[in-house]
Each structure stands twice: as structure tokens, then as C-alpha cells.
$ cat protein_34.cif   # mmCIF, C-alpha atoms
data_upload
#
loop_
_atom_site.label_atom_id
_atom_site.label_comp_id
_atom_site.auth_asym_id
_atom_site.auth_seq_id
_atom_site.Cartn_x
_atom_site.Cartn_y
_atom_site.Cartn_z
CA MET A 1 2.30 5.07 25.31
CA THR A 2 4.39 3.77 22.41
CA LEU A 3 7.06 1.40 23.69
CA ALA A 4 8.84 0.62 20.46
CA LEU A 5 12.42 1.91 20.35
CA GLY A 6 14.51 3.21 17.51
CA LYS A 7 17.63 1.25 16.66
CA PRO A 8 20.48 2.93 14.74
CA ALA A 9 21.25 0.77 11.71
CA SER A 10 22.37 0.82 8.11
CA ALA A 11 20.11 -0.34 5.31
CA MET A 12 22.32 -3.42 4.90
CA GLU A 13 21.51 -4.52 8.46
CA LEU A 14 17.80 -4.90 7.80
CA SER A 15 16.66 -8.53 7.97
CA PRO A 16 12.86 -8.43 7.96
CA SER A 17 10.65 -11.39 8.79
CA VAL A 18 6.99 -11.80 7.88
CA HIS A 19 4.76 -12.83 10.80
CA TRP A 20 1.34 -12.75 9.11
CA ALA A 21 0.20 -11.97 5.57
CA GLN A 22 -3.35 -12.08 4.23
CA ARG A 23 -5.84 -10.59 1.80
CA HIS A 24 -8.86 -10.02 4.00
CA TYR A 25 -12.30 -8.43 3.93
CA ARG A 26 -13.76 -6.42 6.80
CA SER A 27 -17.33 -5.14 7.17
CA PRO A 28 -18.28 -1.90 8.98
CA SER A 29 -19.26 -3.96 12.04
CA PHE A 30 -15.62 -5.00 12.54
CA GLN A 31 -13.22 -2.71 14.41
CA TRP A 32 -9.62 -2.96 15.56
CA ARG A 33 -8.78 -1.34 18.90
CA ARG A 34 -5.32 -2.54 19.82
CA ARG A 35 -1.55 -2.33 19.94
CA ILE A 36 0.86 -4.67 18.20
CA TYR A 37 4.35 -5.90 19.02
CA ASP A 38 5.57 -5.75 15.44
CA TYR A 39 4.84 -3.50 12.45
CA GLU A 40 2.00 -3.69 9.96
CA LEU A 41 1.70 -2.50 6.39
CA LEU A 42 -1.88 -2.28 5.11
CA PHE A 43 -2.99 -1.57 1.56
CA VAL A 44 -6.63 -0.64 0.92
CA VAL A 45 -7.60 -2.44 -2.27
CA ARG A 46 -11.23 -1.33 -2.07
CA GLY A 47 -13.23 0.70 0.42
CA GLU A 48 -12.25 3.26 3.05
CA LEU A 49 -10.91 3.16 6.62
CA LEU A 50 -10.99 5.66 9.45
CA VAL A 51 -7.83 5.45 11.56
CA THR A 52 -7.52 6.93 15.04
CA LEU A 53 -4.14 7.22 16.79
CA ARG A 54 -5.02 7.50 20.46
CA ASP A 55 -1.53 8.52 21.61
CA GLU A 56 -1.57 11.50 19.23
CA GLY A 57 -5.29 12.25 19.46
CA ILE A 58 -5.79 12.38 15.69
CA SER A 59 -8.03 10.63 13.15
CA PHE A 60 -7.70 10.44 9.38
CA PRO A 61 -9.24 8.49 6.48
CA VAL A 62 -7.36 5.94 4.37
CA GLN A 63 -8.99 5.43 1.00
CA ALA A 64 -8.62 2.89 -1.79
CA ASN A 65 -5.15 2.62 -3.37
CA ALA A 66 -3.47 4.02 -0.24
CA PHE A 67 -1.11 2.38 2.25
CA LEU A 68 -1.10 2.57 6.04
CA PHE A 69 2.00 1.93 8.14
CA LEU A 70 1.39 1.06 11.82
CA GLN A 71 4.21 1.14 14.34
CA ALA A 72 4.87 -1.28 17.17
CA GLY A 73 3.33 -0.15 20.45
CA SER A 74 1.07 2.51 18.95
CA HIS A 75 -2.50 2.57 20.33
CA HIS A 76 -4.67 2.60 17.23
CA GLU A 77 -8.29 2.09 16.22
CA ILE A 78 -9.42 1.22 12.71
CA GLN A 79 -13.01 1.42 11.49
CA VAL A 80 -14.36 0.40 8.09
CA ARG A 81 -16.38 3.23 6.54
CA SER A 82 -17.46 1.59 3.29
CA GLU A 83 -20.31 -0.75 2.35
CA PRO A 84 -20.49 -3.69 2.09
CA ASP A 85 -16.88 -4.07 3.24
CA ALA A 86 -13.27 -3.11 2.67
CA GLU A 87 -10.75 -5.31 0.90
CA LEU A 88 -7.28 -5.14 2.43
CA LEU A 89 -3.79 -6.52 1.98
CA GLY A 90 -2.09 -6.83 5.37
CA ILE A 91 1.43 -7.86 6.38
CA HIS A 92 2.87 -7.99 9.90
CA PHE A 93 6.66 -7.95 10.08
CA ASP A 94 9.74 -6.83 11.96
CA PHE A 95 12.97 -5.30 10.64
CA PHE A 96 15.62 -7.33 12.48
CA ASP A 97 14.19 -10.88 12.68
CA GLU A 98 13.62 -10.36 16.39
CA LEU A 99 10.09 -11.62 17.10
CA GLU A 100 9.21 -15.30 17.17
CA VAL A 101 5.52 -15.73 16.39
CA ARG A 102 3.62 -18.93 17.20
CA GLN A 103 0.11 -17.53 17.74
CA ASP A 104 -1.87 -14.28 17.57
CA ARG A 105 -0.97 -13.25 21.13
CA ASP A 106 2.65 -12.97 19.99
CA ILE A 107 1.55 -10.12 17.67
CA ILE A 108 -1.42 -8.49 19.45
CA VAL A 109 -0.75 -6.90 22.84
CA ASP A 110 -2.76 -8.19 25.79
CA GLU A 111 -3.04 -5.01 27.87
CA GLN A 112 -3.38 -7.14 31.02
CA ASP A 113 -0.06 -8.81 30.32
CA VAL A 114 2.18 -6.44 28.38
CA ARG A 115 5.56 -7.90 27.40
CA SER A 116 7.56 -4.69 27.08
CA ALA A 117 10.70 -6.45 25.87
CA SER A 118 8.83 -7.88 22.86
CA PHE A 119 8.14 -4.59 21.08
CA CYS A 120 10.14 -4.64 17.85
CA ALA A 121 12.66 -1.94 17.03
CA LEU A 122 12.28 0.63 14.26
CA PRO A 123 15.49 1.15 12.28
CA LEU A 124 17.01 4.63 12.39
CA ILE A 125 19.01 5.13 9.22
CA ASP A 126 21.10 8.33 9.19
CA ASP A 127 19.34 9.18 12.49
CA ALA A 128 15.90 9.22 10.83
CA PRO A 129 13.18 6.53 10.96
CA ALA A 130 13.33 4.20 7.98
CA LEU A 131 9.60 4.62 7.42
CA PRO A 132 7.16 7.41 8.30
CA SER A 133 5.12 7.51 11.48
CA ASP A 134 1.69 5.87 11.63
CA ARG A 135 -0.23 7.42 8.76
CA ALA A 136 -1.45 6.97 5.23
CA ILE A 137 1.33 6.68 2.67
CA ALA A 138 1.35 7.49 -1.03
CA ALA A 139 3.72 4.85 -2.40
CA PRO A 140 4.52 3.32 -5.78
CA GLY A 141 2.14 0.69 -7.09
CA HIS A 142 4.99 -1.80 -7.10
CA VAL A 143 4.64 -2.03 -3.31
CA ALA A 144 1.09 -3.40 -3.55
CA SER A 145 2.26 -5.95 -6.13
CA LEU A 146 5.08 -7.04 -3.84
CA MET A 147 2.58 -7.38 -0.98
CA GLU A 148 0.43 -9.66 -3.13
CA PHE A 149 3.41 -11.90 -3.88
CA ILE A 150 4.39 -11.99 -0.19
CA ILE A 151 0.85 -13.05 0.74
CA GLN A 152 0.88 -15.78 -1.90
CA GLU A 153 4.26 -17.11 -0.78
CA TRP A 154 3.51 -16.91 2.94
CA ASN A 155 0.24 -18.81 2.60
CA GLY A 156 1.53 -21.32 0.04
CA ARG A 157 4.49 -22.34 2.26
CA LEU A 158 6.35 -23.92 -0.65
CA PRO A 159 10.08 -24.69 -0.21
CA GLY A 160 12.05 -21.45 -0.01
CA TYR A 161 9.02 -19.30 0.85
CA GLU A 162 10.70 -17.66 3.87
CA LEU A 163 13.65 -16.50 1.77
CA LEU A 164 11.32 -15.18 -0.93
CA CYS A 165 9.16 -13.36 1.64
CA LYS A 166 12.27 -11.73 3.13
CA SER A 167 13.60 -10.61 -0.25
CA LEU A 168 10.21 -9.30 -1.42
CA LEU A 169 9.70 -7.42 1.85
CA LEU A 170 13.15 -5.84 1.56
CA GLN A 171 12.17 -4.57 -1.88
CA ALA A 172 8.93 -3.12 -0.50
CA ILE A 173 10.75 -1.42 2.39
CA GLY A 174 13.34 -0.01 -0.02
CA LEU A 175 10.63 1.49 -2.23
CA LEU A 176 8.86 3.00 0.78
CA MET A 177 12.12 4.50 2.03
CA ARG A 178 12.86 5.95 -1.42
CA HIS A 179 9.47 7.68 -1.57
CA LYS A 180 9.29 8.81 2.06
CA ASP A 181 10.77 12.26 1.53
CA ALA A 182 8.81 12.97 -1.64
CA GLU A 183 5.55 11.86 -0.03
CA SER A 184 6.08 14.07 3.00
CA ARG A 185 6.31 17.27 0.94
CA ALA A 186 3.12 19.31 0.72
CA PRO A 187 2.02 21.25 -2.38
CA HIS A 188 1.50 24.99 -2.34
CA PRO A 189 -1.59 25.70 -0.15
CA LYS A 190 -3.10 27.75 -2.97
CA TYR A 191 -3.46 24.63 -5.15
CA GLU A 192 -3.84 21.80 -2.63
CA ALA A 193 -7.66 21.59 -2.55
CA ARG A 194 -8.05 21.56 -6.35
CA LEU A 195 -5.11 19.17 -6.70
CA ARG A 196 -6.73 16.68 -4.33
CA THR A 197 -9.99 16.97 -6.28
CA LEU A 198 -8.04 16.26 -9.47
CA VAL A 199 -6.50 13.17 -7.86
CA GLN A 200 -9.97 11.96 -6.88
CA GLN A 201 -11.16 12.41 -10.46
CA LEU A 202 -8.20 10.37 -11.75
CA GLU A 203 -9.08 7.58 -9.32
CA GLU A 204 -12.74 7.58 -10.34
CA GLN A 205 -12.29 8.14 -14.10
CA TYR A 206 -9.09 6.18 -14.66
CA ALA A 207 -10.25 4.80 -18.05
CA ARG A 208 -10.65 8.16 -19.77
CA ARG A 209 -7.88 9.76 -21.83
CA TRP A 210 -6.21 12.34 -19.58
CA THR A 211 -3.61 14.84 -20.82
CA ASN A 212 -1.16 16.99 -18.90
CA ALA A 213 -2.60 20.04 -20.64
CA GLU A 214 -6.08 19.24 -19.34
CA MET A 215 -4.84 18.70 -15.79
CA ALA A 216 -2.76 21.89 -15.89
CA ALA A 217 -5.78 23.86 -17.14
CA TYR A 218 -7.84 22.52 -14.22
CA LEU A 219 -5.26 24.00 -11.82
CA ASN A 220 -4.73 27.05 -14.05
CA VAL A 221 -0.96 26.58 -14.08
CA HIS A 222 1.72 25.62 -16.60
CA GLU A 223 2.08 21.89 -17.35
CA ASP A 224 5.56 21.68 -15.82
CA TYR A 225 4.39 23.34 -12.60
CA MET A 226 1.34 21.06 -12.47
CA SER A 227 3.63 18.01 -12.66
CA ARG A 228 5.80 19.41 -9.87
CA LEU A 229 2.77 20.08 -7.64
CA PHE A 230 1.43 16.60 -8.33
CA LYS A 231 4.75 14.96 -7.50
CA ASP A 232 5.04 16.98 -4.28
CA LEU A 233 1.67 15.61 -3.17
CA LEU A 234 1.97 11.97 -4.27
CA GLY A 235 5.65 11.36 -4.85
CA ARG A 236 5.22 10.53 -8.55
CA SER A 237 4.18 12.09 -11.84
CA PRO A 238 0.53 12.26 -12.96
CA GLY A 239 1.18 9.70 -15.70
CA SER A 240 2.81 7.24 -13.31
CA TYR A 241 0.00 7.67 -10.77
CA LEU A 242 -2.68 7.09 -13.41
CA GLN A 243 -0.84 4.00 -14.65
CA SER A 244 -0.71 2.62 -11.10
CA ILE A 245 -4.50 2.99 -10.75
CA ARG A 246 -5.11 1.36 -14.14
CA HIS A 247 -2.73 -1.47 -13.25
CA HIS A 248 -4.55 -2.07 -9.96
CA HIS A 249 -7.92 -2.34 -11.72
CA ALA A 250 -6.47 -4.49 -14.51
CA LYS A 251 -5.24 -7.00 -11.92
CA ARG A 252 -8.65 -7.00 -10.26
CA LEU A 253 -10.39 -7.75 -13.56
CA LEU A 254 -7.89 -10.49 -14.40
CA ARG A 255 -8.51 -12.13 -11.01
CA GLU A 256 -12.27 -11.72 -10.81
CA THR A 257 -13.55 -11.98 -14.40
CA GLU A 258 -13.18 -14.14 -17.48
CA ASP A 259 -12.86 -11.12 -19.77
CA LYS A 260 -10.30 -11.40 -22.53
CA ILE A 261 -7.04 -9.49 -22.13
CA GLU A 262 -8.09 -7.07 -24.89
CA ALA A 263 -11.35 -6.31 -23.05
CA VAL A 264 -9.51 -5.75 -19.77
CA ALA A 265 -7.14 -3.33 -21.51
CA LEU A 266 -10.05 -1.31 -22.91
CA GLN A 267 -11.88 -1.21 -19.58
CA VAL A 268 -8.90 0.35 -17.80
CA GLY A 269 -8.11 2.88 -20.54
CA TYR A 270 -5.72 1.26 -23.01
CA GLU A 271 -6.82 1.12 -26.66
CA ASP A 272 -3.56 -0.48 -27.80
CA ILE A 273 -3.35 -4.06 -26.46
CA HIS A 274 0.39 -4.23 -27.23
CA TYR A 275 1.09 -1.09 -25.17
CA PHE A 276 -1.07 -2.44 -22.36
CA SER A 277 0.85 -5.72 -22.41
CA ARG A 278 4.20 -3.92 -22.24
CA GLN A 279 3.04 -1.70 -19.40
CA PHE A 280 1.56 -4.61 -17.45
CA LYS A 281 4.79 -6.59 -17.65
CA LYS A 282 6.78 -3.51 -16.69
CA TRP A 283 4.68 -3.04 -13.53
CA GLU A 284 4.13 -6.67 -12.57
CA GLY A 285 7.19 -8.50 -13.92
CA MET A 286 5.01 -10.98 -15.82
CA SER A 287 2.45 -10.91 -18.61
CA ALA A 288 -1.26 -10.36 -17.97
CA GLN A 289 -1.99 -13.97 -18.95
CA GLN A 290 0.72 -15.27 -16.60
CA TYR A 291 -0.67 -13.10 -13.79
CA ARG A 292 -4.19 -14.49 -14.32
CA ARG A 293 -2.93 -18.08 -14.17
CA PHE A 294 -0.72 -17.41 -11.16
CA ALA A 295 -3.45 -15.57 -9.23
CA ARG A 296 -5.83 -18.52 -9.65
CA LEU A 297 -3.31 -21.07 -8.43
CA VAL A 298 -3.22 -19.61 -4.92
#

$ encode --input "protein_34.cif" --output "C-alpha cells"
Amino acid sequence: MTLALGKPASAMELSPSVHWAQRHYRSPSFQWRRRIYDYELLFVVRGELLVTLRDEGISFPVQANAFLFLQAGSHHEIQVRSEPDAELLGIHFDFFDELEVRQDRDIIVDEQDVRSASFCALPLIDDAPALPSDRAIAAPGHVASLMEFIIQEWNGRLPGYELLCKSLLLQAIGLLMRHKDAESRAPHPKYEARLRTLVQQLEEQYARRWTNAEMAAYLNVHEDYMSRLFKDLLGRSPGSYLQSIRHHHAKRLLRETEDKIEAVALQVGYEDIHYFSRQFKKWEGMSAQQYRRFARLV
């Protein structure tokens, strides 16, 4: 049974606090089977998860470049389905600065000693939940970048880190709220299967030169209608989605390799280094070189 309650609120009343924030790696031998007192936002950097919601009796996969939002009090199980592991960004938080966390038991529910009053509230804005129910979320790539900065600040604990974590988390929540309605819309059933195959091809072949005409021909529809179908499924245009995938892989290469910026740009599909640099700064708020230096400081 989910014990978390909805709390009517305006967006201006949100005052989120971060309780835990990490980049972590989980092998297939590791499983979560639990409830939590707060909320968790997970981003799958690499790999695949299988999520089971026991209260609802459903299971669904969460693949790379997707988010998962877990509600307070929800019985859930998470299994890693990829070898050798899955790389995840995870943040536990509340919306109203209502949970004081000193140790793991303040976040994870001990089913032998359930503290019902500790389940954090979910804001109801205009009588609707601020974020979707427990499930995979298609969200803008900016959210993953914000999560990375939150993790860096929370673990670095430099002066002012709590204020920065709160402001960054508010931005992430705002972006998720903005995309909630678009993400929940489903494309026309006639095109859904081929559209999802097209999305998979974009994720696997992100470095190739894709055109709207080519994608529309794959669905056998006009380019404008293809863009509308794509946005109904993922909440953003094909070009924006492809850029988010390229940006994710560019950041990975900047963190994990010594490749020059020009080589990184080519590997993720940009032949023009100047265009890549402009796009990277637009998405990340800093240059590729600054990101590489910053990522290696933490």
C-alpha cells in the first residue's frame, strides 16, 4: 500500500531538499526490493533496468537515456538486465523540506518498523500530481545534466552546496513538470511500433547524418506529421532528441577519454567543431573543455 499523500500546493511553495545523490554502478546480481520515505529520480546512463511495481502488478523496462520517477511508499523492485552492469544517476529528495535524513534507515522503509508519518508528500498543483506516477519518463536532456551537477555539489559539500542543490533540483522539477503532459500523449497506434523502432535506431546510430525526410519515409508519412508523432511519443522534436543523445555521449567521451574535442565531435556526429561547441555550451551551460576539467575535479 502506498502511504504517501498528495498535498495541494502552488509551484512557488516547492522547497525541495536532496537527501542522497550519487553516480553508481549496479551489476545484475544486485536487486532493490523496497519502499522509500522520500522520492527518487533515476537516470539510466548505460544499461537497462526491469522495474516491477508490486502495488499495481506491472513490470516495464527502463533503458539507457531514460528517467525513472519513484514515489514515496510505493513497493517497487528493480533488477539490472544488462552486462556487465548499469550506470545510474540517482537522487533522493522531498518537495517540501520535510524529511530529516541522518542515515539510510531514514530513507529506506524497514517493514518491521514502518514510520507512517515520515512518508513525504507529493505536491498537487492545480489538483494534479506535479510529476507522473512511478514509471519511465521521456524528459529533456537538461534534466540529466542538472542531476550531474547536483551529484557533484552534494558530494563536494563546498560552502553553499545546499542552496545550489535546491536551486538545481527546482530547475529539474520544473522541466519534468513542463514535459509531463507531452510525454503522456501516445502516438497513433498505426505508427507506434515503427516509431519506437526508429527511436531505437537513433539511439544506436546517433553519429550518422539523419534527415527529417529519411525518418518520414521510414514511417511513410509527411515530414510535418512525422515530427508531430515523434513529439507525441517523446515530448520533443526528432532533432532535439538526437542532439540530446549526442550530447550524452559527448559528455561520456570527455569524462572517460583523452580524445581531443574535435575527435569527440566527429565521434558523436558533428563534422563542424564550431557548431558542436555552440551546441555543447547551449545544452551544458559551459564549453566542452570546461566540462572536461570540471568533471575531473570531482

$ atom_distance --input "protein_34.cif" --atom1 "CA of Pro189 in chain A" --atom2 "CA of Ser237 in chain A"
18.8 Å

$ closest_residue --input "protein_34.cif" --among "A:His19, A:Val44, A:Gly269, A:Phe119" --to "Gln103 in chain A" --atoms "all atoms listed in the file"
A:His19

$ closest_residue --input "protein_34.cif" --among "A:Tyr161, A:Phe43, A:Trp20, A:Tyr37" --to "Leu5 in chain A" --atoms "only C-alpha atoms"
A:Tyr37

$ resolve_selection --input "protein_34.cif" --expression "the PyMOL selection byres ((chain A and resi 77) around 9)" --output "list in words"
Gln31, Trp32, Arg33, Arg34, Arg35, Leu50, Val51, Thr52, Leu53, Arg54, His75, His76, Ile78 and Gln79 of chain A

$ closest_residue --input "protein_34.cif" --among "A:Leu158, A:Leu266, A:Leu42, A:Ile150" --to "Arg246 in chain A" --atoms "only C-alpha atoms"
A:Leu266

$ closest_residue --input "protein_34.cif" --among "A:Ile273, A:Leu242, A:Ile261, A:Leu89" --to "Gln290 in chain A" --atoms "only C-alpha atoms"
A:Ile261

$ residues_around --input "protein_34.cif" --residues "range 198-207 of chain A" --least-positions-apart "3" --cutoff "10 Å" --atoms "all atoms listed in the file" --output "list of chain:residue names"
A:Ala64, A:Asn65, A:Glu192, A:Ala193, A:Arg194, A:Leu195, A:Trp210, A:Met215, A:Tyr218, A:Leu219, A:Phe230, A:Leu233, A:Leu234, A:Pro238, A:Tyr241, A:Leu242, A:Gln243, A:Ser244, A:Ile245, A:Arg246, A:His249, A:Ala265, A:Leu266, A:Gln267, A:Val268, A:Gly269, A:Tyr270, A:Glu271

$ atom_distance --input "protein_34.cif" --atom1 "CA of Ser15 in chain A" --atom2 "CA of Val109 in chain A"
23.0 Å

$ atom_distance --input "protein_34.cif" --atom1 "CA of Leu146 in chain A" --atom2 "CA of Gln171 in chain A"
7.8 Å

$ closest_residue --input "protein_34.cif" --among "A:Val80, A:Ile36, A:Glu13, A:Gln71" --to "Asp104 in chain A" --atoms "all atoms listed in the file"
A:Ile36
